[in-house]
Structure formats: C-alpha cells, structure tokens
Amino acid sequence: MKENIRHIFFDLDHTLWDFETNSNETLAELFEEHQLHRFGLFDFKGFMDVYVGVNRGLWDEYNRGLVSKETLRERRFRETFEKLGLEAAHHPAPFSDQYISRCTEKPAVFPKAHEVLTALKSRYPMSVITNGFPESQHRKMEASNLRHYFDHLIISEEVGFAKPHPGIFEAALAKASVSKDQVVMIGDNAHADIEGAQKAGIKSIWFNPHNEFKAPHIEIEINHLEELLHHL
C-alpha cells in the first residue's frame with residue numbers, strides 16, 4: 001500500500017484521542033462532585049450503563065441528520081437521569097456544560113499514538129477527518145498535543161457533511177490537494193470511517209483496539225497503532 005500513498009487521513013475520537021478514558025474520567029469526577037449516589041437510585045456503573053446507550057443513540061441520530069448539536073447535548077444527560085428515575089428537580093443543571101468543557105481538556109491518547117504519528121509525519125503529510133463540533137475538537141487536539149502532526153483538521157459541522165457521507169471525504173481531498181487513490185483513511189468506526197472511505201473510493205485501515213468483531217468489508221485491520229508502521 002505504501003508505494004501509492006501521498007497523504008494519510010486519521011479519525012480523531014476512539015482512534016487517536018482516547019474518548020472512553022477521557023470521558024469516563026470526567027463523568028466519574030462529576031458524579032462525585034454532584035454526589036449523585038445520595039439519591040440511592042444508582043451507582044456510577046449503573047449511571048454509565050444507561051448513559052452510554054443514550055449517548056450512542058443520540059450520536060447515531062445526529063450523524064443521520066435527525067437531531068441538532070444542541071438537541072444532542074441537551075437530551076443525553078436529561079434522558080439518562082430520567083431513565084434512572086431521578087426527578088427533574090434533582091437533575092444537576094450545569095452537568096452538560098461541565099462535561100463538555102472538562103472532557104475536551106483531557107489529554108489521554110491511545111498507546112504509542114505520539115510515537116507512531118512522529119514516525120509517519122516524517123514520511124507523509126496528514127489530516128484529521130472527524131465528526132464533531134469545532135470548539136470541542138480543536139480543544140481535544142490541543143490538550144492532547146496532537147495538533148502539530150496534522151496539516152488540516154476537517155470537521156463535519158464546518159463542511160456540512162458527516163462521515164460516512166462522501167462529501168466530507170471530498171472536502172478533505174480538496175484541502176489536501178490529492179486524489180482519492182493517493183490517500184488512506186484510518187479509523188475505528190467500521191461504518192463511518194471505513195465503509196464511508198470505501199464508498200468515496202479511498203483505501204482504508206480499520207483500527208479495532210478491542211478486537212470486538214469482524215467486519216466483512218475490511219481491507220486491513222490493526223489492533224494497535226504501531227501496526228500502522230508495517231503498512232505505511
């Protein structure tokens with residue numbers, strides 16, 4: 001593959017920036033600060049079990065254009081607390097804003113991310129393609145010291161298309177001034193990142209750190225970021 005590659009596209013969340021670690025740490029802090037255990041309705045694990053499902057469902061709706069950013073942010077914690085049986089009067093009002101501001105300042109990245117990006121940057125220009133909101137994604141990149149590796153940061157809200165829509169990949173190709181046969185997309189989401197890239201005519205490498213399942217349309221699969229150095 002490496003002979004034909006002139007530019008690398010990376011996903012951000014769950015691929016470079018360790019979303020689960022950063023999010024879980026933030027939520028654990030807020031759970032304690034707001035003393036949510038005092039109601040006797042749920043512990044932190046019970047809260048997380050419900051929240052993860054609610055948040056995933058709302059992000060799926062957002063990516064399909066069914067809800068707005070504001071709706072996603074307003075509903076995810078409200079619906080979590082409602083499902084857990086917490087009366088509206090006891091919902092901590094600043095929880096959502098506190099989560100967004102604090103989580104995006106967390107620095108955790110996947111193992112060997114900096115070492116791998118340093119090695120790749122010596123050989124290729126690179127860009128990030130991410131579904132998300134500009135204010136959050138820029139803060140994540142700065143907090144985790146990832147920004148300096150990349151020539152461009154293509155964010156769905158700014159270009160008007162979210163992965164897997166081909167429009168966001170076309171925007172990235174235009175920014176990078178390369179053709180689709182000269183790039184490879186690296187990401188964790190088999191649908192948004194990998195299938196989306198393939199439908200746009202772009203080669204792909206699936207990052208599957210938890211080795212959870214096998215997707216039939218995968219070209220190359222890796223479980224650790226350092227494996228990229230064998231392919232690129």
# chains A, B, ... in the order shown; residues from 1 in each chain; ligands from 1
>>> residues_around(residues="stretch 95-100 of chain A", least_positions_apart="4", cutoff="8 Å", atoms="only C-alpha atoms", output="list in words")
Thr26, Leu27, Leu30, Arg73, Glu74, Phe77, Thr104 and Ser136 of chain A
>>> closest_atom_pairs(of="stretch 19-122 of chain A", to="stretch 146-156 of chain A", cutoff="12 Å", atoms="only C-alpha atoms", output="tab-separated table")
residue	atom	partner	partner_atom	distance
A:Tyr62	CA	A:Ser156	CA	11.0
A:Asn63	CA	A:Ser156	CA	9.3
A:Arg64	CA	A:Ser156	CA	11.9
A:Gly65	CA	A:Ser156	CA	11.4
A:Lys69	CA	A:Ser156	CA	11.5
A:Pro107	CA	A:Leu146	CA	9.4
A:Ala108	CA	A:Leu146	CA	10.6
A:Val109	CA	A:Leu146	CA	9.0
A:Phe110	CA	A:Leu146	CA	11.5
A:Ala113	CA	A:Leu146	CA	9.0
A:His114	CA	A:Leu146	CA	7.7
A:Glu115	CA	A:Tyr149	CA	11.0
A:Val116	CA	A:Tyr149	CA	10.5
A:Leu117	CA	A:Tyr149	CA	6.7
A:Thr118	CA	A:Tyr149	CA	7.3
A:Ala119	CA	A:Tyr149	CA	10.2
A:Leu120	CA	A:Tyr149	CA	9.0
A:Lys121	CA	A:Tyr149	CA	6.4
A:Ser122	CA	A:Tyr149	CA	9.7
>>> residues_around(residues="A:Ser179", least_positions_apart="3", cutoff="10 Å", atoms="only C-alpha atoms", output="VMD selection string")
chain A and resid 6 to 7 170 173 to 174 176 182 to 183 201 to 202
>>> closest_residue(among="A:Pro216, A:Asp11, A:Gln137, A:Leu58", to="A:Ala197", atoms="only C-alpha atoms")
A:Asp11
>>> closest_residue(among="A:Val178, A:Thr21, A:Ala88, A:Gly132", to="A:Phe161", atoms="only C-alpha atoms")
A:Gly132
>>> closest_residue(among="A:Glu61, A:Glu227, A:Asp188, A:Glu32", to="A:Ala215", atoms="only C-alpha atoms")
A:Asp188
>>> select_by_dssp(residues="stretch 134-232 of chain A", states="alpha helix (DSSP H)", output="ChimeraX atom specification")
/A:134-143,156-159,166-176,196-199,228-231
>>> write_last_selection(atoms="N, CA and C atoms", output="compact mmCIF listing (two decimals), in the first residue's frame")
# COMPACT_ATOMS: atom_id res chain seq x y z
N PRO A 134 -16.61 21.95 16.18
CA PRO A 134 -15.30 22.61 16.11
C PRO A 134 -14.71 22.99 17.45
N GLU A 135 -15.51 23.60 18.33
CA GLU A 135 -14.95 24.07 19.59
C GLU A 135 -14.41 22.91 20.43
N SER A 136 -15.09 21.76 20.37
CA SER A 136 -14.64 20.59 21.13
C SER A 136 -13.43 19.93 20.49
N GLN A 137 -13.48 19.74 19.17
CA GLN A 137 -12.40 19.00 18.51
C GLN A 137 -11.08 19.76 18.54
N HIS A 138 -11.14 21.07 18.41
CA HIS A 138 -9.91 21.85 18.49
C HIS A 138 -9.30 21.76 19.89
N ARG A 139 -10.14 21.82 20.92
CA ARG A 139 -9.63 21.73 22.30
C ARG A 139 -9.00 20.36 22.55
N LYS A 140 -9.63 19.30 22.05
CA LYS A 140 -9.06 17.96 22.23
C LYS A 140 -7.68 17.86 21.58
N MET A 141 -7.55 18.39 20.39
CA MET A 141 -6.28 18.32 19.66
C MET A 141 -5.18 19.06 20.41
N GLU A 142 -5.52 20.21 20.97
CA GLU A 142 -4.53 21.00 21.70
C GLU A 142 -4.19 20.35 23.04
N ALA A 143 -5.20 19.89 23.76
CA ALA A 143 -4.98 19.31 25.09
C ALA A 143 -4.13 18.06 25.04
N SER A 156 -16.92 17.80 10.60
CA SER A 156 -18.21 17.63 9.92
C SER A 156 -19.07 18.88 9.99
N GLU A 157 -19.15 19.51 11.15
CA GLU A 157 -20.03 20.67 11.29
C GLU A 157 -19.57 21.83 10.41
N GLU A 158 -18.28 21.91 10.15
CA GLU A 158 -17.76 23.01 9.34
C GLU A 158 -17.96 22.78 7.85
N VAL A 159 -17.91 21.52 7.41
CA VAL A 159 -18.03 21.25 5.97
C VAL A 159 -19.45 20.88 5.56
N PRO A 166 -19.93 10.88 1.51
CA PRO A 166 -18.73 11.13 0.70
C PRO A 166 -18.32 12.60 0.68
N GLY A 167 -19.25 13.50 0.98
CA GLY A 167 -18.93 14.93 0.94
C GLY A 167 -17.80 15.33 1.86
N ILE A 168 -17.72 14.71 3.03
CA ILE A 168 -16.64 15.09 3.96
C ILE A 168 -15.30 14.57 3.47
N PHE A 169 -15.29 13.42 2.82
CA PHE A 169 -14.04 12.90 2.26
C PHE A 169 -13.60 13.74 1.06
N GLU A 170 -14.56 14.17 0.26
CA GLU A 170 -14.23 15.03 -0.87
C GLU A 170 -13.67 16.37 -0.41
N ALA A 171 -14.22 16.89 0.69
CA ALA A 171 -13.69 18.13 1.25
C ALA A 171 -12.26 17.95 1.73
N ALA A 172 -11.99 16.79 2.33
CA ALA A 172 -10.64 16.51 2.82
C ALA A 172 -9.65 16.37 1.65
N LEU A 173 -10.07 15.69 0.59
CA LEU A 173 -9.21 15.56 -0.59
C LEU A 173 -8.88 16.92 -1.18
N ALA A 174 -9.86 17.79 -1.24
CA ALA A 174 -9.64 19.13 -1.79
C ALA A 174 -8.67 19.92 -0.91
N LYS A 175 -8.83 19.82 0.40
CA LYS A 175 -7.92 20.51 1.33
C LYS A 175 -6.49 20.02 1.17
N ALA A 176 -6.35 18.72 1.03
CA ALA A 176 -5.02 18.12 0.95
C ALA A 176 -4.42 18.18 -0.45
N GLY A 196 -17.42 4.38 4.78
CA GLY A 196 -17.53 5.71 4.19
C GLY A 196 -16.38 6.00 3.25
N ALA A 197 -15.16 5.68 3.69
CA ALA A 197 -13.99 5.89 2.83
C ALA A 197 -14.07 5.04 1.57
N GLN A 198 -14.46 3.79 1.73
CA GLN A 198 -14.54 2.90 0.58
C GLN A 198 -15.54 3.39 -0.45
N LYS A 199 -16.68 3.89 0.02
CA LYS A 199 -17.69 4.41 -0.92
C LYS A 199 -17.21 5.67 -1.62
N LEU A 228 0.52 0.25 12.22
CA LEU A 228 0.47 1.09 11.03
C LEU A 228 1.84 1.18 10.35
N LEU A 229 2.89 1.11 11.13
CA LEU A 229 4.22 1.27 10.57
C LEU A 229 4.63 0.10 9.69
N HIS A 230 3.88 -1.00 9.77
CA HIS A 230 4.14 -2.14 8.88
C HIS A 230 3.44 -1.96 7.54
N HIS A 231 2.45 -1.08 7.51
CA HIS A 231 1.64 -0.91 6.30
C HIS A 231 1.94 0.40 5.56
>>> closest_residue(among="A:Ile205, A:Leu225, A:Ile5, A:Val54", to="A:Pro111", atoms="only C-alpha atoms")
A:Leu225
>>> residues_around(residues="A:His91", least_positions_apart="3", cutoff="8 Å", atoms="only C-alpha atoms", output="PyMOL selection string")
chain A and resi 78+81+86-88
>>> atom_distance(atom1="atom CA of A:Ser204", atom2="atom CA of A:Val67")
28.5 Å
>>> atom_distance(atom1="atom CA of A:Asp18", atom2="atom CA of A:Lys106")
9.2 Å
>>> closest_residue(among="A:Met185, A:Ala190, A:Ile218, A:Ala93", to="A:Leu232", atoms="only C-alpha atoms")
A:Met185
>>> residues_around(residues="A:Leu41", least_positions_apart="4", cutoff="12 Å", atoms="only C-alpha atoms", output="JSON, numbers by chain")
{"A": [35, 36, 37, 45, 46, 47, 81, 82, 83, 84, 85, 86, 87, 90]}
>>> closest_residue(among="A:Ser23, A:Pro92, A:Lys112, A:Asp60", to="A:His191", atoms="only C-alpha atoms")
A:Asp60
>>> atom_distance(atom1="atom CA of A:Ile129", atom2="atom CA of A:Trp17")
12.7 Å
>>> select_by_dssp(residues="stretch 133-228 of chain A", states="strand (DSSP E or B)", output="number ranges by chain")
A: 152-155, 183-187, 203-207, 221-222
